Amino acid sequence: MTDFTMEKGADGVAVITWDTPGKSMNVMTMEAWPQFEALIDDALADDAVKGIVITSGKEGSFAGGMDLKAIARMKESAGDDPARGLFEGLMRTHAILRKIERAGMDDKNRGGKPIAAALPGTALGIGLEIPLACHRIFAADNPRAKIGLPEIMVGIFPGMGGTTRLVRKMGAMAAAPLLLEGKLNDPKKAKSAGVVDEVVPADELLDKAREWVLSEPQIVKPWDEKRYKMPGGAPYHPAGFMTFVGASAMVNVRTQGAFPAAKALLSAVYEGAMVPFDTALKIEARWFTNVLMNPSSSAMIRSLFINKEALEKGANRPDEPDQKVRKMGVLGAGMMGAGITLVSAQAGIEVVLIDQNQDAADRGKAYTAGYMDKGIKRGKATEEKKAQVLGRITATTDYAALNGCDLIVEAVFEDPKVKAEVTKAALAQVGDDCIFATNTSTLPITELAKASDKPDQFIGIHFFSPVEKMLLVEIIKGRETGPRAVAKALDFVRQIRKTPIVVNDARFFYANRCIIPYINEGLRMVAEGVAPALIDNAARQLGFPVGPLQLVDETSIELGARIARATKAAMGADYPDEAVDEVIFWMEGQGRLGRKAGAGFYDYDEKGKRQGYWPGLADHFPRAAEQPPLAQVQDRLMFAQVLEAVRALEDGVLEDIREGDVGAILGWGFAPWSGGPFSWLDIIGPDEAARRCDALASAFGPRFTAPELLRDMAQSGETFYARFTEQAAA
Ligand code: NAD
């Protein structure tokens, strides 16, 4: 079975069809490149062939991109001198695409055969880089299709000519959102943006492309003409200069310099814009090699693509029959209950939403209506769709309506007594098979399960707020939770298209267990007189979306104080966070309860917009005359989290480091460039990590003492991915 086939028509048009065997969408593999090249060579050499159309055998799509698993392994397979091997491999790809682009022309641009790309639909990554090398791109008018270069989302950039060609075709300014944000467009928008040349009815796609090929068109690319000027101006042109200064500033604001791929992409564009096309390709290949050599790219691909997908497909699902949810109950129609109802009803599940009184239940349902209305305004939903989704939701106070539910998710107040009452009331109404889940964020699942006489059918399904936005769901097994409950929770999470991790029951489970020390380390620094801006910016420059002080303002200082009190009550004399309490309780006492209250570590305007740090903080916690170095602040913030992740693994709360990494990035935005806490430790190396722990522990206390496991690995020289998964660390 081959990936590419060619049919030469009597009219002189050779149609090359891409059809990756056994895949629903084409992906380019190392093995497929030579097949593709051989067909191009054949068609170009055959005098009977007047031109070529490249298309796909898959309905509704051209190609999904390069095989990312192959990209993640490229470095290992590149030989003893991997940078050279990678660079040479990329230059071979450039040569194939350049062969298409030159199509047999001589150096005076004479001769050559027109080559059209005919895209039945989605064309991503290399699936657009190949068309960009063709002379004209036809796209079928398929509004569901997505066209673009999303590489930056997984820590690489379009490094097979896409960067250089797109910038030369549209100019740096217009290409910026497509390259730097990985923005995808439907065919019509792709045409108005200038990415594709023509949008045609799907059933005329091949005819139109064929017609164009036979029309003896002009095929020399603008950049192969003598007087080519880049649209919008190259860097030394006044307008171009402004673009590049602006783009550089924008990239730095957005990424804080923490994402190597964005910087490399910008460098490839800037340097490439000042030299002839073939040299620009070489520069692109150098920067792409640089990105592939950086462990960040393989770590990001591993966590954000390969392992995320594996978890979504049920990598840790017990072997149980299908547990798809048909009818569910949601108890508590507050912030979380309303969000859980929304995403479930959207996924086609019938939902019974229960609260203490009808008004509260109706308010919960109204949240879905409001959300759908916003979607309609933005052209993403229709009245019909809204009616359909709302039709699946019954808002009531009557527990009898739960009859027939196969899953209940409880999201009432965080109070064990209230939770036990509603659990009993709900279980009295449902069949023996029903799985009961609680969305508690702090209460032990094993304790809550006592309200049920079937603790094997009791589980934690912990959502993050806002439910409709957050991609992660943490599934928590209580001591007696059985495999069917786990399978049910996983099948449910799959239905609502989120990413699951499965962990064991312990205080704060996994995500909150790691986030709290991050916030606490920031609060400790406030007490020590470290400037708040240094604390938050140190985190942002590590790639965290928000610093610890901003985060606690967002999640509420009141909640932080409540958690601190509960933890202290539970831990008694072992409680280690007095220094943190000094700050959080004082803030609470000052009425600075966070963004919702309009006052926290930041001041806010009436609209809730941050206005800068609250000056009153420095009056109470005076700034230290000498501020610590940035690297030390960053190490404290980073190790506070990663050591907790290692302890969670040591304690058996985490069973799979892939979940620890994916969960950290999706759950609390842990520096995505690193691939997650375990990938980060692998990147710096466990021995270096242990050394830095020793330094931190002697300066700041035993919370930084290296866990036994890390120490052990430092000695053996192993990495987490080598020790805990079959995939060796990339
Ligand atoms: P909320 O106060 O917004 O909503 C709770 C709802 O439960 C209210 O509508 C209340 O009327 C209802 N309720 C209370 N007692 C009830 C009873 N006896 N019968 C029926 N309904 C009752 O709270 P929330 O933020 O939605 O949190 C709910 C649960 O989710 C808590 O366990 C919380 O710890 C957990 N959680 C919250 C977040 C978050 O960010 N807010 C995140 C994850 C988990």
# chains A, B, ... in the order shown; residues from 1 in each chain; ligands from 1
>>> residues_near_ligand(ligand="ligand 1", cutoff="6 Å", atoms="only C-alpha atoms and all ligand atoms", output="ChimeraX atom specification")
/A:331-337,354-356,360,411-414,418,422,439-441,462-465
>>> residues_around(residues="range 425-438 of chain A", least_positions_apart="2", cutoff="7 Å", atoms="only C-alpha atoms", output="list in words")
Tyr399, Ala400, Leu402, Asn403, Gly404, Cys405, Asp406, Leu407, Ile408, Val409, Glu410, Ala411, Glu421, Val422, Thr423, Thr440, Gln457, Phe458, Ile459, Gly460, Ile461 and Ala485 of chain A
>>> write_last_selection(atoms="N, CA, C and O atoms", output="PDB file, in the first residue's frame")
ATOM      1  N   TYR A 399     -36.314  15.237  43.211  1.00  0.00           N
ATOM      2  CA  TYR A 399     -35.325  14.160  43.038  1.00  0.00           C
ATOM      3  C   TYR A 399     -35.881  12.988  42.227  1.00  0.00           C
ATOM      4  O   TYR A 399     -35.120  12.223  41.641  1.00  0.00           O
ATOM      5  N   ALA A 400     -37.227  12.873  42.197  1.00  0.00           N
ATOM      6  CA  ALA A 400     -37.817  11.754  41.442  1.00  0.00           C
ATOM      7  C   ALA A 400     -37.450  11.849  39.960  1.00  0.00           C
ATOM      8  O   ALA A 400     -37.409  10.836  39.250  1.00  0.00           O
ATOM      9  N   LEU A 402     -34.726  12.143  38.774  1.00  0.00           N
ATOM     10  CA  LEU A 402     -33.432  11.475  38.526  1.00  0.00           C
ATOM     11  C   LEU A 402     -33.604  10.027  38.064  1.00  0.00           C
ATOM     12  O   LEU A 402     -32.630   9.386  37.650  1.00  0.00           O
ATOM     13  N   ASN A 403     -34.825   9.550  38.157  1.00  0.00           N
ATOM     14  CA  ASN A 403     -35.109   8.184  37.739  1.00  0.00           C
ATOM     15  C   ASN A 403     -34.532   7.913  36.343  1.00  0.00           C
ATOM     16  O   ASN A 403     -34.769   8.685  35.419  1.00  0.00           O
ATOM     17  N   GLY A 404     -33.778   6.850  36.212  1.00  0.00           N
ATOM     18  CA  GLY A 404     -33.224   6.503  34.894  1.00  0.00           C
ATOM     19  C   GLY A 404     -31.840   7.076  34.632  1.00  0.00           C
ATOM     20  O   GLY A 404     -31.221   6.804  33.604  1.00  0.00           O
ATOM     21  N   CYS A 405     -31.306   7.860  35.560  1.00  0.00           N
ATOM     22  CA  CYS A 405     -29.958   8.411  35.356  1.00  0.00           C
ATOM     23  C   CYS A 405     -28.915   7.304  35.521  1.00  0.00           C
ATOM     24  O   CYS A 405     -29.026   6.461  36.403  1.00  0.00           O
ATOM     25  N   ASP A 406     -27.884   7.327  34.665  1.00  0.00           N
ATOM     26  CA  ASP A 406     -26.802   6.355  34.854  1.00  0.00           C
ATOM     27  C   ASP A 406     -25.560   7.008  35.466  1.00  0.00           C
ATOM     28  O   ASP A 406     -24.579   6.339  35.781  1.00  0.00           O
ATOM     29  N   LEU A 407     -25.589   8.344  35.620  1.00  0.00           N
ATOM     30  CA  LEU A 407     -24.494   9.054  36.302  1.00  0.00           C
ATOM     31  C   LEU A 407     -25.071  10.251  37.055  1.00  0.00           C
ATOM     32  O   LEU A 407     -25.948  10.953  36.539  1.00  0.00           O
ATOM     33  N   ILE A 408     -24.588  10.452  38.278  1.00  0.00           N
ATOM     34  CA  ILE A 408     -24.942  11.679  39.017  1.00  0.00           C
ATOM     35  C   ILE A 408     -23.629  12.404  39.302  1.00  0.00           C
ATOM     36  O   ILE A 408     -22.648  11.776  39.708  1.00  0.00           O
ATOM     37  N   VAL A 409     -23.634  13.727  39.081  1.00  0.00           N
ATOM     38  CA  VAL A 409     -22.478  14.523  39.498  1.00  0.00           C
ATOM     39  C   VAL A 409     -22.972  15.516  40.531  1.00  0.00           C
ATOM     40  O   VAL A 409     -23.874  16.319  40.257  1.00  0.00           O
ATOM     41  N   GLU A 410     -22.389  15.447  41.705  1.00  0.00           N
ATOM     42  CA  GLU A 410     -22.826  16.310  42.798  1.00  0.00           C
ATOM     43  C   GLU A 410     -21.917  17.530  42.873  1.00  0.00           C
ATOM     44  O   GLU A 410     -20.686  17.402  42.875  1.00  0.00           O
ATOM     45  N   ALA A 411     -22.538  18.726  42.898  1.00  0.00           N
ATOM     46  CA  ALA A 411     -21.760  19.973  42.997  1.00  0.00           C
ATOM     47  C   ALA A 411     -22.466  20.953  43.925  1.00  0.00           C
ATOM     48  O   ALA A 411     -22.662  22.120  43.579  1.00  0.00           O
ATOM     49  N   GLU A 421     -26.365  14.368  52.575  1.00  0.00           N
ATOM     50  CA  GLU A 421     -27.829  14.408  52.434  1.00  0.00           C
ATOM     51  C   GLU A 421     -28.255  14.259  50.982  1.00  0.00           C
ATOM     52  O   GLU A 421     -29.114  13.447  50.649  1.00  0.00           O
ATOM     53  N   VAL A 422     -27.645  15.065  50.098  1.00  0.00           N
ATOM     54  CA  VAL A 422     -28.087  15.015  48.698  1.00  0.00           C
ATOM     55  C   VAL A 422     -27.685  13.689  48.049  1.00  0.00           C
ATOM     56  O   VAL A 422     -28.389  13.173  47.191  1.00  0.00           O
ATOM     57  N   THR A 423     -26.575  13.130  48.495  1.00  0.00           N
ATOM     58  CA  THR A 423     -26.143  11.841  47.942  1.00  0.00           C
ATOM     59  C   THR A 423     -27.200  10.783  48.240  1.00  0.00           C
ATOM     60  O   THR A 423     -27.652  10.051  47.349  1.00  0.00           O
ATOM     61  N   THR A 440     -16.251  17.609  44.514  1.00  0.00           N
ATOM     62  CA  THR A 440     -15.575  18.302  45.618  1.00  0.00           C
ATOM     63  C   THR A 440     -14.139  18.680  45.243  1.00  0.00           C
ATOM     64  O   THR A 440     -13.489  17.961  44.487  1.00  0.00           O
ATOM     65  N   GLN A 457     -19.118   2.212  43.515  1.00  0.00           N
ATOM     66  CA  GLN A 457     -19.711   3.004  42.427  1.00  0.00           C
ATOM     67  C   GLN A 457     -19.648   4.496  42.723  1.00  0.00           C
ATOM     68  O   GLN A 457     -20.363   5.296  42.133  1.00  0.00           O
ATOM     69  N   PHE A 458     -18.762   4.870  43.632  1.00  0.00           N
ATOM     70  CA  PHE A 458     -18.619   6.274  44.044  1.00  0.00           C
ATOM     71  C   PHE A 458     -17.235   6.770  43.624  1.00  0.00           C
ATOM     72  O   PHE A 458     -16.230   6.076  43.821  1.00  0.00           O
ATOM     73  N   ILE A 459     -17.180   7.954  43.041  1.00  0.00           N
ATOM     74  CA  ILE A 459     -15.907   8.449  42.476  1.00  0.00           C
ATOM     75  C   ILE A 459     -15.864   9.976  42.519  1.00  0.00           C
ATOM     76  O   ILE A 459     -16.903  10.624  42.689  1.00  0.00           O
ATOM     77  N   GLY A 460     -14.682  10.548  42.384  1.00  0.00           N
ATOM     78  CA  GLY A 460     -14.565  11.996  42.258  1.00  0.00           C
ATOM     79  C   GLY A 460     -14.396  12.373  40.787  1.00  0.00           C
ATOM     80  O   GLY A 460     -13.593  11.754  40.086  1.00  0.00           O
ATOM     81  N   ILE A 461     -15.184  13.340  40.336  1.00  0.00           N
ATOM     82  CA  ILE A 461     -14.936  13.918  38.997  1.00  0.00           C
ATOM     83  C   ILE A 461     -14.764  15.406  39.239  1.00  0.00           C
ATOM     84  O   ILE A 461     -15.733  16.117  39.475  1.00  0.00           O
ATOM     85  N   ALA A 485     -16.665   2.349  37.784  1.00  0.00           N
ATOM     86  CA  ALA A 485     -16.841   3.782  38.056  1.00  0.00           C
ATOM     87  C   ALA A 485     -15.768   4.591  37.325  1.00  0.00           C
ATOM     88  O   ALA A 485     -16.041   5.662  36.765  1.00  0.00           O
TER      89      ALA A 485
END
>>> residues_around(residues="Leu39 in chain A", least_positions_apart="6", cutoff="12 Å", atoms="only C-alpha atoms", output="count of residues only")
23
>>> select_by_dssp(residues="range 597-641 of chain A", states="alpha helix (DSSP H)", output="JSON, numbers by chain")
{"A": [616, 617, 618, 619, 620, 630, 631, 632, 633, 634, 635, 636, 637, 638, 639, 640, 641]}
>>> atom_distance(atom1="CA of Trp287 in chain A", atom2="CA of Gly159 in chain A")
8.2 Å
>>> residues_around(residues="range 369-375 of chain A", least_positions_apart="2", cutoff="9 Å", atoms="only C-alpha atoms", output="VMD selection string")
chain A and resid 342 365 to 367 377 to 383 385 to 387 389 to 390
>>> write_last_selection(atoms="N, CA and C atoms", output="PDB file, in the first residue's frame")
ATOM      1  N   LEU A 342     -24.050  22.596  31.249  1.00  0.00           N
ATOM      2  CA  LEU A 342     -23.836  23.136  29.895  1.00  0.00           C
ATOM      3  C   LEU A 342     -23.023  22.178  29.030  1.00  0.00           C
ATOM      4  N   LYS A 365     -29.894  26.618  34.754  1.00  0.00           N
ATOM      5  CA  LYS A 365     -30.213  26.303  33.355  1.00  0.00           C
ATOM      6  C   LYS A 365     -30.032  27.546  32.471  1.00  0.00           C
ATOM      7  N   ALA A 366     -30.362  28.724  33.046  1.00  0.00           N
ATOM      8  CA  ALA A 366     -30.235  29.968  32.275  1.00  0.00           C
ATOM      9  C   ALA A 366     -28.783  30.222  31.861  1.00  0.00           C
ATOM     10  N   TYR A 367     -27.867  29.636  32.605  1.00  0.00           N
ATOM     11  CA  TYR A 367     -26.451  29.806  32.244  1.00  0.00           C
ATOM     12  C   TYR A 367     -26.182  29.226  30.847  1.00  0.00           C
ATOM     13  N   LYS A 377     -24.571  35.099  18.748  1.00  0.00           N
ATOM     14  CA  LYS A 377     -24.055  36.426  18.369  1.00  0.00           C
ATOM     15  C   LYS A 377     -22.766  36.318  17.572  1.00  0.00           C
ATOM     16  N   ARG A 378     -21.935  35.357  17.971  1.00  0.00           N
ATOM     17  CA  ARG A 378     -20.641  35.216  17.296  1.00  0.00           C
ATOM     18  C   ARG A 378     -20.714  34.305  16.067  1.00  0.00           C
ATOM     19  N   GLY A 379     -21.932  33.893  15.714  1.00  0.00           N
ATOM     20  CA  GLY A 379     -22.097  33.053  14.527  1.00  0.00           C
ATOM     21  C   GLY A 379     -21.647  31.614  14.737  1.00  0.00           C
ATOM     22  N   LYS A 380     -21.481  31.216  15.999  1.00  0.00           N
ATOM     23  CA  LYS A 380     -20.998  29.853  16.259  1.00  0.00           C
ATOM     24  C   LYS A 380     -22.121  28.886  16.628  1.00  0.00           C
ATOM     25  N   ALA A 381     -23.319  29.423  16.872  1.00  0.00           N
ATOM     26  CA  ALA A 381     -24.458  28.556  17.202  1.00  0.00           C
ATOM     27  C   ALA A 381     -25.697  29.112  16.505  1.00  0.00           C
ATOM     28  N   THR A 382     -26.779  28.361  16.543  1.00  0.00           N
ATOM     29  CA  THR A 382     -28.033  28.820  15.929  1.00  0.00           C
ATOM     30  C   THR A 382     -29.133  28.712  16.985  1.00  0.00           C
ATOM     31  N   GLU A 383     -30.264  29.384  16.712  1.00  0.00           N
ATOM     32  CA  GLU A 383     -31.418  29.287  17.619  1.00  0.00           C
ATOM     33  C   GLU A 383     -31.843  27.830  17.744  1.00  0.00           C
ATOM     34  N   LYS A 385     -30.012  25.136  17.438  1.00  0.00           N
ATOM     35  CA  LYS A 385     -29.061  24.403  18.277  1.00  0.00           C
ATOM     36  C   LYS A 385     -29.323  24.709  19.766  1.00  0.00           C
ATOM     37  N   LYS A 386     -29.568  26.006  20.021  1.00  0.00           N
ATOM     38  CA  LYS A 386     -29.832  26.423  21.405  1.00  0.00           C
ATOM     39  C   LYS A 386     -31.054  25.679  21.951  1.00  0.00           C
ATOM     40  N   ALA A 387     -32.126  25.642  21.147  1.00  0.00           N
ATOM     41  CA  ALA A 387     -33.351  24.982  21.585  1.00  0.00           C
ATOM     42  C   ALA A 387     -33.075  23.497  21.860  1.00  0.00           C
ATOM     43  N   VAL A 389     -30.179  22.060  22.723  1.00  0.00           N
ATOM     44  CA  VAL A 389     -29.373  21.886  23.941  1.00  0.00           C
ATOM     45  C   VAL A 389     -30.239  22.119  25.176  1.00  0.00           C
ATOM     46  N   LEU A 390     -31.016  23.231  25.172  1.00  0.00           N
ATOM     47  CA  LEU A 390     -31.876  23.528  26.336  1.00  0.00           C
ATOM     48  C   LEU A 390     -32.924  22.436  26.540  1.00  0.00           C
TER      49      LEU A 390
END
>>> residues_around(residues="Pro629 in chain A", least_positions_apart="5", cutoff="12 Å", atoms="only C-alpha atoms", output="VMD selection string")
chain A and resid 530 to 531 534 to 535 538 634 to 636
>>> write_last_selection(atoms="all heavy atoms", output="PDB file, in the first residue's frame")
ATOM      1  N   VAL A 530       9.822  40.698  49.258  1.00  0.00           N
ATOM      2  CA  VAL A 530      10.143  40.643  47.822  1.00  0.00           C
ATOM      3  C   VAL A 530       9.075  41.444  47.071  1.00  0.00           C
ATOM      4  O   VAL A 530       7.882  41.357  47.392  1.00  0.00           O
ATOM      5  CB  VAL A 530      10.162  39.175  47.317  1.00  0.00           C
ATOM      6  CG1 VAL A 530      10.472  39.125  45.828  1.00  0.00           C
ATOM      7  CG2 VAL A 530      11.168  38.353  48.116  1.00  0.00           C
ATOM      8  N   ALA A 531       9.503  42.228  46.084  1.00  0.00           N
ATOM      9  CA  ALA A 531       8.560  43.076  45.348  1.00  0.00           C
ATOM     10  C   ALA A 531       7.533  42.210  44.621  1.00  0.00           C
ATOM     11  O   ALA A 531       7.908  41.264  43.925  1.00  0.00           O
ATOM     12  CB  ALA A 531       9.310  43.950  44.350  1.00  0.00           C
ATOM     13  N   LEU A 534       8.163  41.505  41.033  1.00  0.00           N
ATOM     14  CA  LEU A 534       9.234  40.529  40.789  1.00  0.00           C
ATOM     15  C   LEU A 534       8.659  39.108  40.891  1.00  0.00           C
ATOM     16  O   LEU A 534       8.970  38.238  40.081  1.00  0.00           O
ATOM     17  CB  LEU A 534      10.377  40.753  41.791  1.00  0.00           C
ATOM     18  CG  LEU A 534      11.534  39.743  41.776  1.00  0.00           C
ATOM     19  CD1 LEU A 534      12.153  39.635  40.383  1.00  0.00           C
ATOM     20  CD2 LEU A 534      12.615  40.138  42.787  1.00  0.00           C
ATOM     21  N   ILE A 535       7.803  38.909  41.860  1.00  0.00           N
ATOM     22  CA  ILE A 535       7.228  37.569  42.077  1.00  0.00           C
ATOM     23  C   ILE A 535       6.386  37.156  40.863  1.00  0.00           C
ATOM     24  O   ILE A 535       6.586  36.088  40.279  1.00  0.00           O
ATOM     25  CB  ILE A 535       6.357  37.550  43.357  1.00  0.00           C
ATOM     26  CG1 ILE A 535       7.194  37.950  44.582  1.00  0.00           C
ATOM     27  CG2 ILE A 535       5.711  36.183  43.551  1.00  0.00           C
ATOM     28  CD1 ILE A 535       6.379  38.224  45.841  1.00  0.00           C
ATOM     29  N   ALA A 538       8.420  36.958  37.523  1.00  0.00           N
ATOM     30  CA  ALA A 538       9.318  35.797  37.495  1.00  0.00           C
ATOM     31  C   ALA A 538       8.550  34.581  36.991  1.00  0.00           C
ATOM     32  O   ALA A 538       9.039  33.799  36.173  1.00  0.00           O
ATOM     33  CB  ALA A 538       9.875  35.532  38.893  1.00  0.00           C
ATOM     34  N   GLN A 634      12.552  32.409  40.619  1.00  0.00           N
ATOM     35  CA  GLN A 634      11.989  31.423  39.692  1.00  0.00           C
ATOM     36  C   GLN A 634      12.191  30.000  40.199  1.00  0.00           C
ATOM     37  O   GLN A 634      11.290  29.173  40.116  1.00  0.00           O
ATOM     38  CB  GLN A 634      12.625  31.589  38.308  1.00  0.00           C
ATOM     39  CG  GLN A 634      12.137  32.872  37.641  1.00  0.00           C
ATOM     40  CD  GLN A 634      12.670  33.048  36.246  1.00  0.00           C
ATOM     41  OE1 GLN A 634      13.813  32.716  35.972  1.00  0.00           O
ATOM     42  NE2 GLN A 634      11.842  33.584  35.364  1.00  0.00           N
ATOM     43  N   ASP A 635      13.362  29.723  40.724  1.00  0.00           N
ATOM     44  CA  ASP A 635      13.609  28.377  41.252  1.00  0.00           C
ATOM     45  C   ASP A 635      12.654  28.055  42.399  1.00  0.00           C
ATOM     46  O   ASP A 635      12.132  26.946  42.497  1.00  0.00           O
ATOM     47  CB  ASP A 635      15.058  28.253  41.744  1.00  0.00           C
ATOM     48  CG  ASP A 635      15.929  27.544  40.721  1.00  0.00           C
ATOM     49  OD1 ASP A 635      15.440  27.347  39.587  1.00  0.00           O
ATOM     50  OD2 ASP A 635      17.077  27.179  41.041  1.00  0.00           O
ATOM     51  N   ARG A 636      12.428  29.024  43.260  1.00  0.00           N
ATOM     52  CA  ARG A 636      11.510  28.779  44.376  1.00  0.00           C
ATOM     53  C   ARG A 636      10.114  28.455  43.853  1.00  0.00           C
ATOM     54  O   ARG A 636       9.463  27.515  44.318  1.00  0.00           O
ATOM     55  CB  ARG A 636      11.447  30.007  45.298  1.00  0.00           C
ATOM     56  CG  ARG A 636      12.696  30.189  46.133  1.00  0.00           C
ATOM     57  CD  ARG A 636      12.629  31.455  46.978  1.00  0.00           C
ATOM     58  NE  ARG A 636      11.622  31.368  48.048  1.00  0.00           N
ATOM     59  CZ  ARG A 636      11.443  32.317  48.959  1.00  0.00           C
ATOM     60  NH1 ARG A 636      12.196  33.420  48.936  1.00  0.00           N
ATOM     61  NH2 ARG A 636      10.528  32.185  49.897  1.00  0.00           N
TER      62      ARG A 636
END
>>> decode(residues="range 398-404 of chain A", atoms="all heavy atoms", output="PDB file, in the first residue's frame")
ATOM      1  N   ASP A 398     -37.152  18.339  42.193  1.00  0.00           N
ATOM      2  CA  ASP A 398     -37.759  17.038  42.460  1.00  0.00           C
ATOM      3  C   ASP A 398     -36.780  15.895  42.167  1.00  0.00           C
ATOM      4  O   ASP A 398     -36.463  15.608  41.013  1.00  0.00           O
ATOM      5  CB  ASP A 398     -39.008  16.917  41.573  1.00  0.00           C
ATOM      6  CG  ASP A 398     -39.716  15.607  41.805  1.00  0.00           C
ATOM      7  OD1 ASP A 398     -39.343  14.894  42.758  1.00  0.00           O
ATOM      8  OD2 ASP A 398     -40.639  15.300  41.028  1.00  0.00           O
ATOM      9  N   TYR A 399     -36.314  15.237  43.211  1.00  0.00           N
ATOM     10  CA  TYR A 399     -35.325  14.160  43.038  1.00  0.00           C
ATOM     11  C   TYR A 399     -35.881  12.988  42.227  1.00  0.00           C
ATOM     12  O   TYR A 399     -35.120  12.223  41.641  1.00  0.00           O
ATOM     13  CB  TYR A 399     -34.823  13.671  44.406  1.00  0.00           C
ATOM     14  CG  TYR A 399     -33.766  14.575  44.990  1.00  0.00           C
ATOM     15  CD1 TYR A 399     -34.102  15.804  45.532  1.00  0.00           C
ATOM     16  CD2 TYR A 399     -32.425  14.199  44.993  1.00  0.00           C
ATOM     17  CE1 TYR A 399     -33.129  16.650  46.061  1.00  0.00           C
ATOM     18  CE2 TYR A 399     -31.441  15.036  45.523  1.00  0.00           C
ATOM     19  CZ  TYR A 399     -31.810  16.257  46.053  1.00  0.00           C
ATOM     20  OH  TYR A 399     -30.849  17.084  46.562  1.00  0.00           O
ATOM     21  N   ALA A 400     -37.227  12.873  42.197  1.00  0.00           N
ATOM     22  CA  ALA A 400     -37.817  11.754  41.442  1.00  0.00           C
ATOM     23  C   ALA A 400     -37.450  11.849  39.960  1.00  0.00           C
ATOM     24  O   ALA A 400     -37.409  10.836  39.250  1.00  0.00           O
ATOM     25  CB  ALA A 400     -39.330  11.749  41.626  1.00  0.00           C
ATOM     26  N   ALA A 401     -37.147  13.072  39.497  1.00  0.00           N
ATOM     27  CA  ALA A 401     -36.781  13.243  38.082  1.00  0.00           C
ATOM     28  C   ALA A 401     -35.466  12.535  37.748  1.00  0.00           C
ATOM     29  O   ALA A 401     -35.122  12.352  36.574  1.00  0.00           O
ATOM     30  CB  ALA A 401     -36.675  14.732  37.752  1.00  0.00           C
ATOM     31  N   LEU A 402     -34.726  12.143  38.774  1.00  0.00           N
ATOM     32  CA  LEU A 402     -33.432  11.475  38.526  1.00  0.00           C
ATOM     33  C   LEU A 402     -33.604  10.027  38.064  1.00  0.00           C
ATOM     34  O   LEU A 402     -32.630   9.386  37.650  1.00  0.00           O
ATOM     35  CB  LEU A 402     -32.576  11.482  39.804  1.00  0.00           C
ATOM     36  CG  LEU A 402     -32.130  12.861  40.290  1.00  0.00           C
ATOM     37  CD1 LEU A 402     -31.427  12.739  41.637  1.00  0.00           C
ATOM     38  CD2 LEU A 402     -31.191  13.499  39.266  1.00  0.00           C
ATOM     39  N   ASN A 403     -34.825   9.550  38.157  1.00  0.00           N
ATOM     40  CA  ASN A 403     -35.109   8.184  37.739  1.00  0.00           C
ATOM     41  C   ASN A 403     -34.532   7.913  36.343  1.00  0.00           C
ATOM     42  O   ASN A 403     -34.769   8.685  35.419  1.00  0.00           O
ATOM     43  CB  ASN A 403     -36.644   8.027  37.720  1.00  0.00           C
ATOM     44  CG  ASN A 403     -37.003   6.570  37.638  1.00  0.00           C
ATOM     45  OD1 ASN A 403     -36.508   5.871  36.762  1.00  0.00           O
ATOM     46  ND2 ASN A 403     -37.822   6.119  38.552  1.00  0.00           N
ATOM     47  N   GLY A 404     -33.778   6.850  36.212  1.00  0.00           N
ATOM     48  CA  GLY A 404     -33.224   6.503  34.894  1.00  0.00           C
ATOM     49  C   GLY A 404     -31.840   7.076  34.632  1.00  0.00           C
ATOM     50  O   GLY A 404     -31.221   6.804  33.604  1.00  0.00           O
TER      51      GLY A 404
END
